[in-house]
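Written out below as structure tokens is the structure these notes cover.
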Amino acid sequence: MKKLVLAILLPFNLLAQSPYQSYHKDPVQFREHVLDITKMKVEVSFIPEAKQVNGKVTHQFVVLRKQVDSVFFDAPGITIQQALLNGKKLTFKTNKAGVWVIPSTPLTWNQSAEITFEYTAKPKKGIYFIGWNQPELNDSVNDPFRVRRQIWTQGQGIDNRHWIPMYDDMNDKFITETVIKFDSKYKVLSNGLLKSKTKNKDGSLTWHYAMSKPHAGYLLMLAIGKYEVQTAKSKSGVPLQYWYYPEFKERVEPTFRHTPMMVDFMEEQTGIPYPWESYSQVMVQDFMYGAMENTTATIFGDFFFVDNKAFQDKNYIGVNCHELTHQWFGDFVTARDGRDAWLQESFATFYPKQLSRVLDGEEEWDWQRRQHQVSAVEAGKKDNFAVRHSAGGTARVYPKGAAVLSMLVHYLGEEQWKKVLTYYLKKHAYANVETNDLQQAIKDVLGLNLDWFFDQWIYRGGEPHFRIHYEDLSYQDGSRATEIAIEQIHPNSETVQAFRMPIALEVNYTDGSKSLIIDEISKDFEVVKIPNPNKKLIAFVLFDPNSNVLKQVTFKKGLEELKAQLQAPIGYLDRYDALVGLRPFSLDQKRTLLVETVKKEKHYAILNEAISQLTSDTSSQLIPVWFNLYKNARAQVRAHLIKEIGYREATRPLFIEAINDSSYDVVKSAMTVWIAADEKFSERVLNKGYSEGSMNHSLEIKRIELAFTYGYGIFEDDFIQLKDYASSKYEFRTRVNAFQALKAIHSAIIAKLGNDSYPIDLFEPMLSFNSRLSGPAAELCRFLCQDEKMRLYFKESLQESALSFEDKEIVKNLIPLLK
């Protein structure tokens with residue numbers, strides 16, 4: 001056979017590499033401070049209609065320097081009424097960023113003292129007053145998506161400073177105590193244990209919470225609203241509280257499902273018992289993220305408050321585990337500054353993936369690993385910032401860091417990894433950490449120097465791109481081997497070079513046997529030789545079986561290789577990759593194999609890929625296959641199947657099943673596809689009964705959108721309802737769903753009802769603190785302003801509105817057509 005030709009055009013990577021190491025300079029540096037805050041006691045009351053905080057905060061501290069003449073506290077926009085040092089008046093000066101205090105005599109080394117501020121604030125960040133401009137809901141309003149009166153906080157990254165004068169940075173940890181006075185109709189949650197609840201003469205209640213261990217100031221929280229509380233315990237005895245809306249008790253179990261087990265799981269994974277007094281979770285409206293891991297008290301968006309139907313489509317499990325993980329990684333041990341945020345977020349992304357292995361099996365774990373790898377590679381196509389760089393962005397700090405941790409665990413082995421992790425957490429308990437602390441833990445516990453690993457995966461950016469080619473070769477001595485050529489073809493730069501990793505290479509033979517070696521790949525080009533002493537026929541070759549290394553791979557394979565790989569008893573990701581590799585081939589070449597795949601496979605990703613490749617086949621022979629799949633597949637597959645196969649007479653029985661499905665997403669898919677294909681069934685498909693009760697009214701809004709699109713319905717009533725969903729009466733996701741529908745059916749609305757019926761307030765949501773509301777509102781306004789009449793309406797509305805000059809300028813900058 002032909003000898004593998006090595007005289008190929010080599011990539012420019014093979015140019016001599018510099019002996020020097022270069023890294024992207026990071027503008028984020030350690031923030032210096034002169035005091036070690038040991039305790040912060042916050043005492044607050046509110047005027048919620050005015051979004052006003054009335055507060056008193058006392059900082060106990062130890063002086064870190066030999067002499068301190070003045071101290072700065074973060075307090076942007078806060079009005080300081082009085083400052084005290086050990087109970088005596090203290091001179092202070094304020095600026096836009098905060099407040100300077102000037103003791104009459106300098107503070108000295110190791111001196112212990114306390115500084116108190118009395119203040120008022122009307123913050124635009126850090127603490128949020130929801131629904132106080134709306135009538136209070138009465139018990140007859142049985143709608144979980146109507147706006148509620150709440151107050152809640154979001155301190156990360158540095159926003160608690162907007163309502164508390166404080167040293168607001170990750171690198172100082174202290175015990176907190178919170179005292180909150182509020183209307184007795186509402187419940188109050190804060191960090192730590194509830195020490196007391198006292199009734200005041202005016203009928204209000206004072207809630208007193210306290211922590212027993214130090215944590216970072218950004219993790220202090222408050223949540224106030226009308227809640228009930230359900231309690232539980234983990235096997236190890238950790239007290240758990242689920243704060244929920246009392247009208248919807250049936251949603252508690254699906255929302256908080258597996259929480260006690262997660263605590264047990266994290267204790268087993270880390271070797272560290274849950275490190276705090278208790279653990280509470282509270283849902284809030286209009287939350288701008290998924291959730292926030294405040295110490296002992298996670299806040300999460302009530303869009304995760306699901307019933308059993310919605311649980312199938314999207315649930316809280318992954319986010320729940322993410323925030324719980326932070327109680328160890330972020331709260332127990334805290335990054336010293338933003339550069340090491342991956343020590344928090346990557347771990348909190350890694351462990352939900354590990355949990356999925358327990359709850360949903362090996363294939364789901366594989367799939368989540370793949371998604372993290374894909375996110376990292378896509379980010380790397382835009383820039384090559386490192387995981388440990390403040391400009392790395394979400395894709396580096398969350399999925400790429402989690403992918404790197406998966407590689408690290410794979411390299412060390414799970415037992416050795418757990419031993420390192422337990423040591424690392426114990427050594428830095430309730431303290432700050434840097435990446436080097438984790439590196440050093442590996443050296444201390446295992447005697448391994450993985451500086452090379454951290455250097456290329458954490459301190460530097462980029463991801464390897466391998467191009468693979470192999471040949472089955474016979475040699476003059478009669479022996480036979482497979483030679484695999486491996487090129488690293490990613491662009492080299494001062495900060496991205498050839499990667500070094502031990503990688504498995506596997507030759508699979510037609511008799512079902514295989515040869516595997518693990519070789520360290522570290523050069524721009526190298527050839528690995530795998531002996532084939534029995535001269536077997538090769539079925540296919542795998543580079544890094546089941547994708548344990550973060551990378552891109554270019555590896556061209558023929559039809560027969562891909563077929564063999566898809567059918568082989570190998571890792572899930574290798575089977576999935578083989579199926580994706582079949583995309584360019586004609587349906588006639590792969591139909592039988594695709595049908596076998598649909599019948600055999602269980603995971604939704606590979607099933608959905610097979611469905612997509614098969615749906616150009618409209619023959620009746622596939623109908624039984626689709627019915628069987630529909631009955632046995634999870635909601636993601638059922639929804640995808642309905643979208644892909646399309647409505648026709650042969651599939652009508654399946655659509656009847658789907659329109660009555662137990663998943664809201666499946667019903668929405670059926671509703672959308674069915675009416676688009678056969679308008680005579682519109683009355684049945686658009687029946688309100690199919691659209692009631694969905695999360696964030698998504699089905700009802702879709703029903704209204706389809707009614708306008710296809711000319712069925714009572715347009716005036718539907719439009720009034722749609723505008724209502726878009727109004728401030730509802731939480732933000734319902735409103736965003738309504739905004740999107742209004743944009744989609746704008747022409748139909750004008751045609752059926754005219755411009756005069758259209759007026760809608762978009763300025764209020766455009767000025768929201770929540771970018772997930774303000775962005776879609778601005779997008780809809782820009783779209784509508786392309787219509788001259790609508791533009792005139794919005795211009796006049798803006799001029800006549802009671803908005804401040806500052807807010808009007810914000811609107812004009814968002815919508816230049818209104819200038």
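Ligands are numbered from 1 in the order shown, residues from 1 within each chain, and chains are lettered A, B, ... in the order they appear in the structure tokens.
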If we count only C-alpha atoms, what is near Thr394 of chain A at a cut-off of 10 Å, once residues fewer than 5 positions away on the same chain are taken out, given as a PyMOL selection string? chain A and resi 342+345-346+375-376+379+387+399-401
Residue neighbourhood Phe256 of chain A, 10 Å, only C-alpha atoms, exclusion window fewer than 5 positions, as a list in words: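 After dropping sequence-adjacent residues, the list is Gln241, Tyr242, Arg251, Gln281, Phe304, Phe305, Val306, Asn315, Tyr316, Ile317 and Asn320 of chain A.
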Take the residues that were just selected and, keeping N, CA, C and O atoms, output them as a short mmCIF file (atom, residue, chain, number, x, y, z; two decimals), in the first residue's frame.
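Output file part34.cif follows:
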data_model
loop_
_atom_site.label_atom_id
_atom_site.label_comp_id
_atom_site.auth_asym_id
_atom_site.auth_seq_id
_atom_site.Cartn_x
_atom_site.Cartn_y
_atom_site.Cartn_z
N GLN A 241 -35.40 26.00 53.00
CA GLN A 241 -36.66 26.74 52.92
C GLN A 241 -36.94 27.10 51.47
O GLN A 241 -36.05 27.58 50.76
N TYR A 242 -38.19 26.86 51.02
CA TYR A 242 -38.64 27.23 49.69
C TYR A 242 -39.69 28.33 49.84
O TYR A 242 -40.79 28.07 50.33
N ARG A 251 -47.08 24.18 42.49
CA ARG A 251 -45.86 24.39 41.71
C ARG A 251 -44.58 24.19 42.54
O ARG A 251 -43.49 24.19 41.98
N GLN A 281 -34.37 29.57 49.31
CA GLN A 281 -34.50 30.01 47.92
C GLN A 281 -35.81 30.79 47.80
O GLN A 281 -36.84 30.33 48.27
N PHE A 304 -39.00 30.54 36.66
CA PHE A 304 -38.70 29.13 36.93
C PHE A 304 -39.74 28.48 37.85
O PHE A 304 -39.60 27.32 38.21
N PHE A 305 -40.74 29.24 38.24
CA PHE A 305 -41.79 28.72 39.12
C PHE A 305 -42.78 27.96 38.24
O PHE A 305 -43.77 28.51 37.76
N VAL A 306 -42.52 26.67 38.02
CA VAL A 306 -43.20 25.92 36.98
C VAL A 306 -44.19 24.91 37.55
O VAL A 306 -44.05 24.43 38.68
N ASN A 315 -36.96 23.91 33.24
CA ASN A 315 -37.13 23.85 34.68
C ASN A 315 -35.94 24.45 35.40
O ASN A 315 -34.96 24.89 34.79
N TYR A 316 -36.03 24.43 36.71
CA TYR A 316 -35.06 25.12 37.58
C TYR A 316 -33.89 24.24 37.99
O TYR A 316 -32.94 24.71 38.62
N ILE A 317 -33.87 22.97 37.62
CA ILE A 317 -32.90 22.03 38.17
C ILE A 317 -31.46 22.48 37.94
O ILE A 317 -30.65 22.55 38.87
N ASN A 320 -30.77 25.73 39.76
CA ASN A 320 -30.79 25.42 41.17
C ASN A 320 -29.43 24.87 41.62
O ASN A 320 -28.83 25.34 42.60
#
7 Å contact set for segment 116-120 of chain A, only C-alpha atoms, chain neighbours under 6 positions out, as a PyMOL selection string: chain A and resi 53-59+78-85
Residues from last step as file, N, CA and C atoms, as an mmCIF file, in the first residue's frame:
data_model
loop_
_atom_site.group_PDB
_atom_site.id
_atom_site.type_symbol
_atom_site.label_atom_id
_atom_site.label_comp_id
_atom_site.auth_asym_id
_atom_site.auth_seq_id
_atom_site.Cartn_x
_atom_site.Cartn_y
_atom_site.Cartn_z
ATOM 1 N N VAL A 53 -34.826 54.256 50.444
ATOM 2 C CA VAL A 53 -34.233 53.495 51.529
ATOM 3 C C VAL A 53 -33.864 54.457 52.648
ATOM 4 N N ASN A 54 -34.272 54.166 53.850
ATOM 5 C CA ASN A 54 -33.826 54.894 55.037
ATOM 6 C C ASN A 54 -32.976 53.925 55.846
ATOM 7 N N GLY A 55 -31.706 54.257 56.061
ATOM 8 C CA GLY A 55 -30.832 53.251 56.627
ATOM 9 C C GLY A 55 -29.820 53.734 57.636
ATOM 10 N N LYS A 56 -29.283 52.735 58.310
ATOM 11 C CA LYS A 56 -28.171 52.925 59.233
ATOM 12 C C LYS A 56 -27.273 51.712 59.074
ATOM 13 N N VAL A 57 -25.986 51.936 58.875
ATOM 14 C CA VAL A 57 -25.057 50.829 58.724
ATOM 15 C C VAL A 57 -23.875 51.046 59.657
ATOM 16 N N THR A 58 -23.471 49.977 60.338
ATOM 17 C CA THR A 58 -22.337 50.038 61.258
ATOM 18 C C THR A 58 -21.278 49.040 60.807
ATOM 19 N N HIS A 59 -20.071 49.550 60.599
ATOM 20 C CA HIS A 59 -18.946 48.724 60.164
ATOM 21 C C HIS A 59 -17.971 48.545 61.321
ATOM 22 N N ILE A 78 -25.884 58.224 47.490
ATOM 23 C CA ILE A 78 -26.466 58.105 48.829
ATOM 24 C C ILE A 78 -26.280 59.418 49.590
ATOM 25 N N THR A 79 -27.336 59.850 50.271
ATOM 26 C CA THR A 79 -27.267 61.051 51.107
ATOM 27 C C THR A 79 -26.883 60.643 52.522
ATOM 28 N N ILE A 80 -25.693 61.032 52.941
ATOM 29 C CA ILE A 80 -25.209 60.721 54.286
ATOM 30 C C ILE A 80 -25.707 61.804 55.236
ATOM 31 N N GLN A 81 -26.459 61.405 56.233
ATOM 32 C CA GLN A 81 -27.000 62.369 57.206
ATOM 33 C C GLN A 81 -26.074 62.538 58.399
ATOM 34 N N GLN A 82 -25.392 61.443 58.754
ATOM 35 C CA GLN A 82 -24.509 61.506 59.909
ATOM 36 C C GLN A 82 -23.505 60.377 59.842
ATOM 37 N N ALA A 83 -22.273 60.662 60.291
ATOM 38 C CA ALA A 83 -21.247 59.631 60.407
ATOM 39 C C ALA A 83 -20.704 59.649 61.833
ATOM 40 N N LEU A 84 -20.464 58.448 62.383
ATOM 41 C CA LEU A 84 -19.987 58.326 63.756
ATOM 42 C C LEU A 84 -18.799 57.376 63.798
ATOM 43 N N LEU A 85 -17.816 57.678 64.646
ATOM 44 C CA LEU A 85 -16.709 56.784 64.950
ATOM 45 C C LEU A 85 -16.800 56.424 66.421
#
Atom CA of Gln721 of chain A to atom CA of Ser669 of chain A, straight-line distance in Å: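 One can read the atom CA of Ser669 of chain A to atom CA of Gln721 of chain A distance as 21.8 Å.
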Which residues are near Leu189 of chain A? Cut-off 7 Å, only C-alpha atoms, ignore same chain within fewer than 4 positions. Put them as an MDAnalysis selection string. chainID A and resid 222:224
Leaving out Met790 of chain A and any residue of its chain fewer than 5 positions from it, which residues lie within 12 Å of it when counting only C-alpha atoms, given as an NGL selection string? :A and (746 or 750 or 754-760 or 780-785 or 795-797 or 817-818)
Just all heavy atoms for this one: save the residues we selected as a short mmCIF file (atom, residue, chain, number, x, y, z; two decimals), in the first residue's frame.
data_model
loop_
_atom_site.label_atom_id
_atom_site.label_comp_id
_atom_site.auth_asym_id
_atom_site.auth_seq_id
_atom_site.Cartn_x
_atom_site.Cartn_y
_atom_site.Cartn_z
N HIS A 746 -47.94 43.29 13.19
CA HIS A 746 -48.20 44.73 13.07
C HIS A 746 -49.05 45.05 11.83
O HIS A 746 -50.04 45.79 11.92
CB HIS A 746 -46.87 45.49 13.01
CG HIS A 746 -47.01 46.92 12.66
ND1 HIS A 746 -47.64 47.84 13.47
CD2 HIS A 746 -46.61 47.62 11.55
CE1 HIS A 746 -47.62 49.03 12.90
NE2 HIS A 746 -47.00 48.92 11.73
N ILE A 750 -52.90 46.75 11.79
CA ILE A 750 -53.25 48.00 11.08
C ILE A 750 -54.35 47.73 10.07
O ILE A 750 -55.31 48.51 9.93
CB ILE A 750 -52.01 48.59 10.39
CG1 ILE A 750 -50.93 48.93 11.42
CG2 ILE A 750 -52.38 49.83 9.59
CD1 ILE A 750 -51.37 49.89 12.50
N GLY A 754 -56.75 49.40 12.24
CA GLY A 754 -56.32 50.77 11.99
C GLY A 754 -55.34 51.27 13.04
O GLY A 754 -55.21 50.72 14.13
N ASN A 755 -54.64 52.37 12.72
CA ASN A 755 -53.63 52.93 13.61
C ASN A 755 -54.20 53.44 14.93
O ASN A 755 -53.54 53.40 15.97
CB ASN A 755 -52.88 54.09 12.92
CG ASN A 755 -51.97 53.60 11.83
OD1 ASN A 755 -52.43 53.35 10.72
ND2 ASN A 755 -50.68 53.48 12.12
N ASP A 756 -55.42 53.93 14.87
CA ASP A 756 -55.97 54.59 16.06
C ASP A 756 -56.12 53.64 17.24
O ASP A 756 -56.15 54.07 18.40
CB ASP A 756 -57.34 55.21 15.73
CG ASP A 756 -57.21 56.36 14.74
OD1 ASP A 756 -56.08 56.88 14.62
OD2 ASP A 756 -58.21 56.70 14.10
N SER A 757 -56.21 52.35 16.96
CA SER A 757 -56.42 51.38 18.05
C SER A 757 -55.10 50.97 18.70
O SER A 757 -55.10 50.26 19.69
CB SER A 757 -57.09 50.12 17.50
OG SER A 757 -56.22 49.49 16.57
N TYR A 758 -53.99 51.45 18.16
CA TYR A 758 -52.70 50.88 18.49
C TYR A 758 -52.02 51.44 19.74
O TYR A 758 -51.18 50.78 20.32
CB TYR A 758 -51.74 51.05 17.30
CG TYR A 758 -50.72 49.95 17.22
CD1 TYR A 758 -50.81 48.95 16.28
CD2 TYR A 758 -49.67 49.90 18.12
CE1 TYR A 758 -49.89 47.93 16.21
CE2 TYR A 758 -48.72 48.88 18.06
CZ TYR A 758 -48.84 47.91 17.10
OH TYR A 758 -47.93 46.91 17.05
N PRO A 759 -52.27 52.65 20.20
CA PRO A 759 -51.43 53.27 21.24
C PRO A 759 -51.05 52.32 22.37
O PRO A 759 -51.88 51.60 22.91
CB PRO A 759 -52.32 54.40 21.76
CG PRO A 759 -53.12 54.80 20.58
CD PRO A 759 -53.39 53.53 19.84
N ILE A 760 -49.76 52.34 22.69
CA ILE A 760 -49.20 51.46 23.71
C ILE A 760 -48.01 52.17 24.32
O ILE A 760 -47.25 52.85 23.61
CB ILE A 760 -48.78 50.11 23.09
CG1 ILE A 760 -48.20 49.19 24.17
CG2 ILE A 760 -47.81 50.27 21.95
CD1 ILE A 760 -47.93 47.79 23.66
N LEU A 780 -39.09 46.98 19.55
CA LEU A 780 -40.45 47.14 19.03
C LEU A 780 -40.72 48.59 18.67
O LEU A 780 -41.32 48.87 17.60
CB LEU A 780 -41.47 46.66 20.06
CG LEU A 780 -42.94 46.86 19.69
CD1 LEU A 780 -43.29 46.13 18.39
CD2 LEU A 780 -43.86 46.41 20.83
N CYS A 781 -40.28 49.51 19.50
CA CYS A 781 -40.52 50.93 19.22
C CYS A 781 -39.80 51.36 17.94
O CYS A 781 -40.37 52.09 17.12
CB CYS A 781 -40.06 51.78 20.41
SG CYS A 781 -40.57 53.51 20.31
N ARG A 782 -38.56 50.93 17.77
CA ARG A 782 -37.83 51.26 16.54
C ARG A 782 -38.56 50.71 15.31
O ARG A 782 -38.65 51.38 14.27
CB ARG A 782 -36.40 50.71 16.60
CG ARG A 782 -35.44 51.56 17.41
CD ARG A 782 -34.00 51.11 17.23
NE ARG A 782 -33.75 49.83 17.89
CZ ARG A 782 -33.34 49.70 19.15
NH1 ARG A 782 -33.14 50.77 19.89
NH2 ARG A 782 -33.13 48.50 19.65
N PHE A 783 -39.07 49.49 15.44
CA PHE A 783 -39.80 48.88 14.34
C PHE A 783 -41.07 49.67 14.01
O PHE A 783 -41.35 49.98 12.84
CB PHE A 783 -40.15 47.44 14.70
CG PHE A 783 -41.04 46.75 13.71
CD1 PHE A 783 -40.54 46.23 12.53
CD2 PHE A 783 -42.41 46.62 13.96
CE1 PHE A 783 -41.36 45.59 11.62
CE2 PHE A 783 -43.24 45.99 13.05
CZ PHE A 783 -42.71 45.47 11.88
N LEU A 784 -41.84 50.01 15.03
CA LEU A 784 -43.10 50.73 14.81
C LEU A 784 -42.86 52.12 14.26
O LEU A 784 -43.67 52.64 13.47
CB LEU A 784 -43.88 50.80 16.12
CG LEU A 784 -44.38 49.47 16.69
CD1 LEU A 784 -45.07 49.69 18.03
CD2 LEU A 784 -45.34 48.78 15.72
N CYS A 785 -41.75 52.75 14.64
CA CYS A 785 -41.47 54.12 14.19
C CYS A 785 -41.12 54.20 12.71
O CYS A 785 -41.00 55.29 12.16
CB CYS A 785 -40.34 54.72 15.03
SG CYS A 785 -40.90 55.28 16.66
N LYS A 795 -43.70 60.37 19.03
CA LYS A 795 -43.08 61.69 19.25
C LYS A 795 -43.95 62.56 20.14
O LYS A 795 -43.48 63.18 21.11
CB LYS A 795 -42.84 62.39 17.91
CG LYS A 795 -41.47 62.17 17.31
CD LYS A 795 -41.24 63.11 16.13
CE LYS A 795 -39.80 63.01 15.64
NZ LYS A 795 -39.54 63.97 14.54
N GLU A 796 -45.22 62.62 19.81
CA GLU A 796 -46.15 63.43 20.60
C GLU A 796 -46.28 62.88 22.02
O GLU A 796 -46.31 63.64 22.99
CB GLU A 796 -47.51 63.47 19.92
CG GLU A 796 -47.51 64.25 18.61
CD GLU A 796 -48.84 64.18 17.88
OE1 GLU A 796 -49.70 63.36 18.30
OE2 GLU A 796 -49.03 64.92 16.90
N SER A 797 -46.32 61.56 22.13
CA SER A 797 -46.44 60.94 23.46
C SER A 797 -45.22 61.27 24.32
O SER A 797 -45.34 61.54 25.52
CB SER A 797 -46.58 59.43 23.33
OG SER A 797 -47.76 59.09 22.65
N LEU A 817 -35.12 58.13 15.76
CA LEU A 817 -36.20 58.69 14.95
C LEU A 817 -37.11 59.61 15.76
O LEU A 817 -37.90 60.37 15.19
CB LEU A 817 -37.04 57.57 14.34
CG LEU A 817 -36.38 56.79 13.18
CD1 LEU A 817 -37.24 55.60 12.80
CD2 LEU A 817 -36.17 57.70 11.98
N LEU A 818 -36.99 59.55 17.10
CA LEU A 818 -37.82 60.40 17.95
C LEU A 818 -37.13 61.71 18.31
O LEU A 818 -37.71 62.53 19.03
CB LEU A 818 -38.21 59.65 19.22
CG LEU A 818 -39.04 58.38 19.03
CD1 LEU A 818 -39.41 57.77 20.37
CD2 LEU A 818 -40.32 58.69 18.22
#
Residues within 8 Å of Gly330 of chain A, only C-alpha atoms, excluding chain neighbours under 5 positions, as a PyMOL selection string: chain A and resi 335+343-345
Selection from above, N, CA and C atoms, as a PDB file, in the first residue's frame, can you write it?
ATOM      1  N   ALA A 335     -13.325  34.489  44.977  1.00  0.00           N
ATOM      2  CA  ALA A 335     -12.238  35.037  44.163  1.00  0.00           C
ATOM      3  C   ALA A 335     -11.766  36.374  44.734  1.00  0.00           C
ATOM      4  N   LEU A 343     -13.127  30.822  39.105  1.00  0.00           N
ATOM      5  CA  LEU A 343     -13.089  29.926  40.259  1.00  0.00           C
ATOM      6  C   LEU A 343     -14.454  29.811  40.922  1.00  0.00           C
ATOM      7  N   GLN A 344     -15.355  30.693  40.546  1.00  0.00           N
ATOM      8  CA  GLN A 344     -16.731  30.640  41.026  1.00  0.00           C
ATOM      9  C   GLN A 344     -17.665  30.129  39.936  1.00  0.00           C
ATOM     10  N   GLU A 345     -17.690  30.835  38.815  1.00  0.00           N
ATOM     11  CA  GLU A 345     -18.689  30.539  37.781  1.00  0.00           C
ATOM     12  C   GLU A 345     -18.415  29.249  37.022  1.00  0.00           C
TER      13      GLU A 345
END
Work out how far atom CA of Glu434 of chain A is from atom CA of Asp340 of chain A, in Å to one decimal. 6.0 Å
Contacts of Leu767 of chain A within 9 Å, only C-alpha atoms, excl. fewer than 6 positions in-chain, as a list of chain:residue names: A:Leu773, A:Ser774, A:Asp807, A:Ile810, A:Val811
Write the selection just made, keeping C-alpha atoms, as an mmCIF file, in the first residue's frame?
data_model
loop_
_atom_site.group_PDB
_atom_site.id
_atom_site.type_symbol
_atom_site.label_atom_id
_atom_site.label_comp_id
_atom_site.auth_asym_id
_atom_site.auth_seq_id
_atom_site.Cartn_x
_atom_site.Cartn_y
_atom_site.Cartn_z
ATOM 1 C CA LEU A 773 -37.274 44.030 29.081
ATOM 2 C CA SER A 774 -35.848 47.353 27.908
ATOM 3 C CA ASP A 807 -35.307 59.919 30.815
ATOM 4 C CA ILE A 810 -32.431 58.179 27.142
ATOM 5 C CA VAL A 811 -35.483 57.325 25.019
#
Atomic separation - atom CA of Phe739 of chain A relative to atom CA of Asp761 of chain A, Å: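 We find that atom CA of Asp761 of chain A and atom CA of Phe739 of chain A lie 11.2 Å from each other.
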With only C-alpha atoms as the atoms that count, which of A:His428, A:Tyr710, A:Pro103, A:Tyr793 lies nearest to Asp678 of chain A?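 That would be A:Tyr710, the residue with the smallest distance to Asp678 of chain A.
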A:Lys187, A:Val625, A:Val147, A:Arg369 ranked by distance to Ala726 of chain A, top pick (using only C-alpha atoms):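 Nearest candidate to Ala726 of chain A out of A:Lys187, A:Val625, A:Val147, A:Arg369: A:Val147.
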